[in-house]
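Data from my_file_20.cif: mmCIF, C-alpha atoms
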data_coords
loop_
_atom_site.label_atom_id
_atom_site.label_comp_id
_atom_site.auth_asym_id
_atom_site.auth_seq_id
_atom_site.Cartn_x
_atom_site.Cartn_y
_atom_site.Cartn_z
CA MET A 1 16.21 -2.07 9.72
CA GLN A 2 14.19 -1.35 12.85
CA VAL A 3 10.45 -1.78 13.27
CA GLY A 4 7.87 -1.07 15.92
CA VAL A 5 4.58 0.56 16.80
CA SER A 6 4.26 4.01 18.31
CA GLY A 7 0.77 5.29 18.91
CA PRO A 8 -1.39 4.47 15.93
CA ALA A 9 1.55 4.26 13.51
CA VAL A 10 3.74 1.34 12.53
CA TRP A 11 7.31 2.56 12.10
CA VAL A 12 10.03 1.21 9.85
CA ARG A 13 13.52 2.73 9.97
CA VAL A 14 15.88 1.70 7.22
CA HIS A 15 19.60 1.89 7.94
CA GLY A 16 22.00 1.46 5.04
CA ARG A 17 20.17 -0.19 2.16
CA GLY A 18 16.63 -1.33 1.57
CA SER A 19 17.12 -4.46 -0.51
CA PHE A 20 15.83 -7.89 -1.44
CA GLN A 21 17.65 -9.11 1.68
CA ASN A 22 15.25 -7.36 4.05
CA SER A 23 12.14 -7.25 1.85
CA ALA A 24 10.65 -10.59 2.93
CA GLY A 25 11.00 -9.66 6.61
CA LEU A 26 9.36 -6.30 5.99
CA LYS A 27 6.53 -7.92 4.06
CA GLU A 28 5.88 -10.42 6.87
CA PHE A 29 6.02 -7.70 9.53
CA ALA A 30 3.59 -5.50 7.57
CA ALA A 31 1.18 -8.42 7.10
CA GLU A 32 1.23 -9.09 10.85
CA MET A 33 0.65 -5.43 11.68
CA THR A 34 -2.24 -5.05 9.23
CA ALA A 35 -3.77 -8.28 10.59
CA ARG A 36 -3.69 -6.58 14.00
CA GLY A 37 -5.61 -3.64 12.55
CA HIS A 38 -2.85 -1.10 11.95
CA GLN A 39 -3.50 1.09 8.92
CA GLU A 40 -0.80 3.77 9.13
CA PHE A 41 2.81 3.01 8.25
CA VAL A 42 5.70 5.47 8.45
CA VAL A 43 8.93 4.52 6.68
CA ASP A 44 11.85 6.65 7.86
CA LEU A 45 14.64 6.77 5.28
CA LYS A 46 16.90 9.27 7.05
CA ASP A 47 19.73 6.72 7.24
CA CYS A 48 18.91 4.85 4.01
CA GLU A 49 21.54 5.10 1.28
CA LEU A 50 19.55 3.46 -1.50
CA MET A 51 16.77 0.98 -2.23
CA ASP A 52 16.59 -1.77 -4.83
CA SER A 53 13.53 -2.57 -6.90
CA THR A 54 12.49 -5.49 -4.69
CA PHE A 55 12.41 -3.28 -1.60
CA LEU A 56 10.56 -0.54 -3.48
CA GLY A 57 8.06 -3.09 -4.78
CA THR A 58 7.55 -4.35 -1.24
CA LEU A 59 6.75 -0.80 -0.08
CA ALA A 60 4.36 -0.42 -3.02
CA GLY A 61 2.67 -3.70 -2.11
CA ILE A 62 2.16 -2.59 1.48
CA ALA A 63 0.72 0.74 0.33
CA LEU A 64 -1.61 -0.92 -2.18
CA LYS A 65 -2.90 -3.35 0.45
CA LEU A 66 -3.57 -0.50 2.89
CA ARG A 67 -5.89 1.24 0.44
CA PRO A 68 -8.39 2.83 0.73
CA ALA A 69 -8.56 3.16 4.53
CA GLY A 70 -4.85 3.22 5.38
CA GLN A 71 -1.70 4.88 4.19
CA LEU A 72 2.05 4.49 3.91
CA ARG A 73 4.22 7.57 4.31
CA VAL A 74 7.90 7.80 3.47
CA ILE A 75 9.77 10.49 5.37
CA ARG A 76 13.26 11.99 5.27
CA ALA A 77 14.30 10.36 1.98
CA ASN A 78 17.53 11.56 0.39
CA ASP A 79 17.46 13.04 -3.12
CA ARG A 80 18.52 9.78 -4.76
CA CYS A 81 15.79 7.70 -3.07
CA ARG A 82 13.18 10.41 -3.72
CA SER A 83 14.14 10.50 -7.39
CA VAL A 84 13.91 6.71 -7.80
CA MET A 85 10.48 6.64 -6.14
CA ALA A 86 9.24 9.44 -8.42
CA ASN A 87 10.66 7.76 -11.55
CA LEU A 88 8.74 4.58 -10.68
CA GLY A 89 5.53 6.50 -9.97
CA LEU A 90 5.52 5.47 -6.34
CA ASP A 91 4.89 9.02 -5.18
CA ARG A 92 1.35 8.44 -6.51
CA VAL A 93 0.92 5.28 -4.42
CA PHE A 94 2.22 6.57 -1.10
CA THR A 95 3.12 9.93 0.40
CA VAL A 96 6.76 10.93 0.03
CA ASP A 97 8.19 13.61 2.31
CA GLY A 98 4.99 14.68 4.00
CA PRO A 99 5.05 16.19 7.47
CA VAL A 100 7.43 14.36 9.78
CA PRO A 101 5.49 12.92 12.71
CA GLU A 102 7.04 12.68 16.14
CA ALA A 103 9.38 9.72 15.99
CA PRO A 104 9.21 7.01 18.62
CA PRO A 105 12.19 6.64 20.95
CA ALA A 106 14.83 4.27 19.63
CA ALA A 107 14.06 1.85 22.48
CA ALA A 108 10.51 1.44 21.11
CA LEU A 109 11.83 -0.06 17.87
CA GLU A 110 13.16 -3.56 17.43
CA ASP A 111 16.12 -4.53 15.30
CA THR A 112 15.09 -6.96 12.57
CA ASP A 113 18.61 -8.31 12.02
CA ARG A 114 17.94 -11.19 14.40
CA LEU A 115 14.98 -12.31 12.29
CA PRO A 116 16.46 -12.85 8.81
CA HIS A 117 14.01 -13.74 6.07
CA PRO A 118 15.85 -14.16 2.80
CA ALA A 119 13.78 -13.14 -0.18
CA LYS A 120 12.48 -16.01 -2.20
CA ARG A 121 11.78 -15.92 -5.88
CA GLU A 122 8.05 -15.46 -5.24
CA THR A 123 8.71 -12.44 -3.01
CA ILE A 124 10.87 -10.82 -5.67
CA ILE A 125 8.30 -11.52 -8.40
CA GLU A 126 5.48 -10.11 -6.26
CA ALA A 127 7.51 -6.98 -5.48
CA HIS A 128 8.10 -6.31 -9.17
CA GLU A 129 4.45 -6.99 -9.99
CA ASN A 130 3.57 -4.40 -7.32
CA LEU A 131 5.74 -1.87 -9.15
CA VAL A 132 3.83 -2.56 -12.37
CA GLU A 133 0.49 -2.27 -10.54
CA ALA A 134 1.62 1.02 -8.99
CA ASP A 135 2.49 2.43 -12.42
CA PRO A 136 1.78 0.45 -15.62
CA GLY A 137 4.69 2.29 -17.24
CA ASN A 138 6.98 0.14 -15.11
CA ALA A 139 5.99 -2.95 -17.10
CA VAL A 140 8.62 -2.10 -19.72
CA ARG A 141 11.29 -1.50 -17.07
CA PHE A 142 10.77 -4.83 -15.32
CA LYS A 143 9.58 -7.06 -18.16
CA ASP A 144 12.91 -8.89 -18.50
CA VAL A 145 13.33 -9.35 -14.73
CA LEU A 146 9.83 -10.76 -14.36
CA GLU A 147 10.21 -13.01 -17.37
CA PHE A 148 13.53 -14.35 -16.11
CA LEU A 149 12.25 -15.02 -12.59
CA ARG A 150 9.01 -16.63 -13.74
CA HIS A 151 10.88 -19.08 -15.98
CA ARG A 152 13.81 -19.79 -13.69
CA GLU A 153 14.68 -23.42 -13.00
CA PRO A 154 13.31 -24.75 -9.66
CA GLU A 155 16.75 -25.80 -8.36
CA ALA A 156 17.94 -22.19 -8.73
CA GLN A 157 15.14 -20.85 -6.53
CA GLY A 158 17.23 -20.81 -3.37
CA ARG A 159 19.07 -17.76 -4.68
CA PRO A 160 17.38 -14.38 -5.30
#
Please rewrite the model in this file as structure tokens.
Amino acid sequence: MQVGVSGPAVWVRVHGRGSFQNSAGLKEFAAEMTARGHQEFVVDLKDCELMDSTFLGTLAGIALKLRPAGQLRVIRANDRCRSVMANLGLDRVFTVDGPVPEAPPAAALEDTDRLPHPAKRETIIEAHENLVEADPGNAVRFKDVLEFLRHREPEAQGRP
């Protein structure tokens, strides 16, 4: 994943998979950028194969926190990613496949691989709660996951 700021927009480029492994880092980066006053996020999925529910919930959480003044836009998603976002109702929380803004040069973006932030149980729970907030119909889909994570033994918390 690469991140950076170009003009007024915060950019996130996902390479490979958007997963629980890079969700905590994305959440922290987004919090820092919004604290600095940024309200427009562009998530480029051109090179993203797939996204898990924790990553999708992290995107939903960012979009929900940007409301009402800001926005999150997902661009260049493949059919599979677009379908998953629509099935979870996320296309009602953020823009999917709107106009593609001029992308920043690759040198303007920073690789996040050197800043690993493994997802903790709380991050995964929050991401799934974001999915339910984005679309209450998701409560049925993620009920078992949320119940399991909320009641998990403390010594098991080091693993996602």
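What separates CA of Glu122 (chain A) from CA of Leu64 (chain A) is a distance of 17.7 Å.
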I need the output of the PyMOL selection byres ((chain A and resi 65) around 12) for this file as an MDAnalysis selection string; which residues are they? chainID A and resid 27 30:31 33:35 38:41 58:64 66:72 93:94 130 133:134
Please write as a ChimeraX atom specification the full residue list that the PyMOL selection byres ((chain A and resi 97) around 8) yields on this file. /A:73-77,95-96,98-100
Residue subset to file, keeping C-alpha atoms, as a JSON list (two decimals), in the coordinates of the input:
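Written out: again13.json:
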[["chain", "number", "residue", "atom", "x", "y", "z"],
["A", 73, "ARG", "CA", 4.22, 7.57, 4.31],
["A", 74, "VAL", "CA", 7.90, 7.80, 3.47],
["A", 75, "ILE", "CA", 9.77, 10.49, 5.37],
["A", 76, "ARG", "CA", 13.26, 11.99, 5.27],
["A", 77, "ALA", "CA", 14.30, 10.36, 1.98],
["A", 95, "THR", "CA", 3.12, 9.93, 0.40],
["A", 96, "VAL", "CA", 6.76, 10.93, 0.03],
["A", 98, "GLY", "CA", 4.99, 14.68, 4.00],
["A", 99, "PRO", "CA", 5.05, 16.19, 7.47],
["A", 100, "VAL", "CA", 7.43, 14.36, 9.78]]
Spatial neighbours of Glu102 (chain A), 12 Å, all atoms listed in the file, chain gap at least 6 places, as a compact mmCIF listing (two decimals) with C-alpha atoms, in the frame of the given file:
# COMPACT_ATOMS: atom_id res chain seq x y z
CA SER A 6 4.26 4.01 18.31
CA GLY A 7 0.77 5.29 18.91
CA PRO A 8 -1.39 4.47 15.93
CA ALA A 9 1.55 4.26 13.51
CA TRP A 11 7.31 2.56 12.10
CA VAL A 42 5.70 5.47 8.45
CA ASP A 44 11.85 6.65 7.86
CA ILE A 75 9.77 10.49 5.37
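Of the residues under consideration (A:Glu110, A:Glu129, A:Asp52, A:Asp135), A:Asp52 shows the shortest atom-to-atom contact distance to Asn22 (chain A) when counting all atoms listed in the file.
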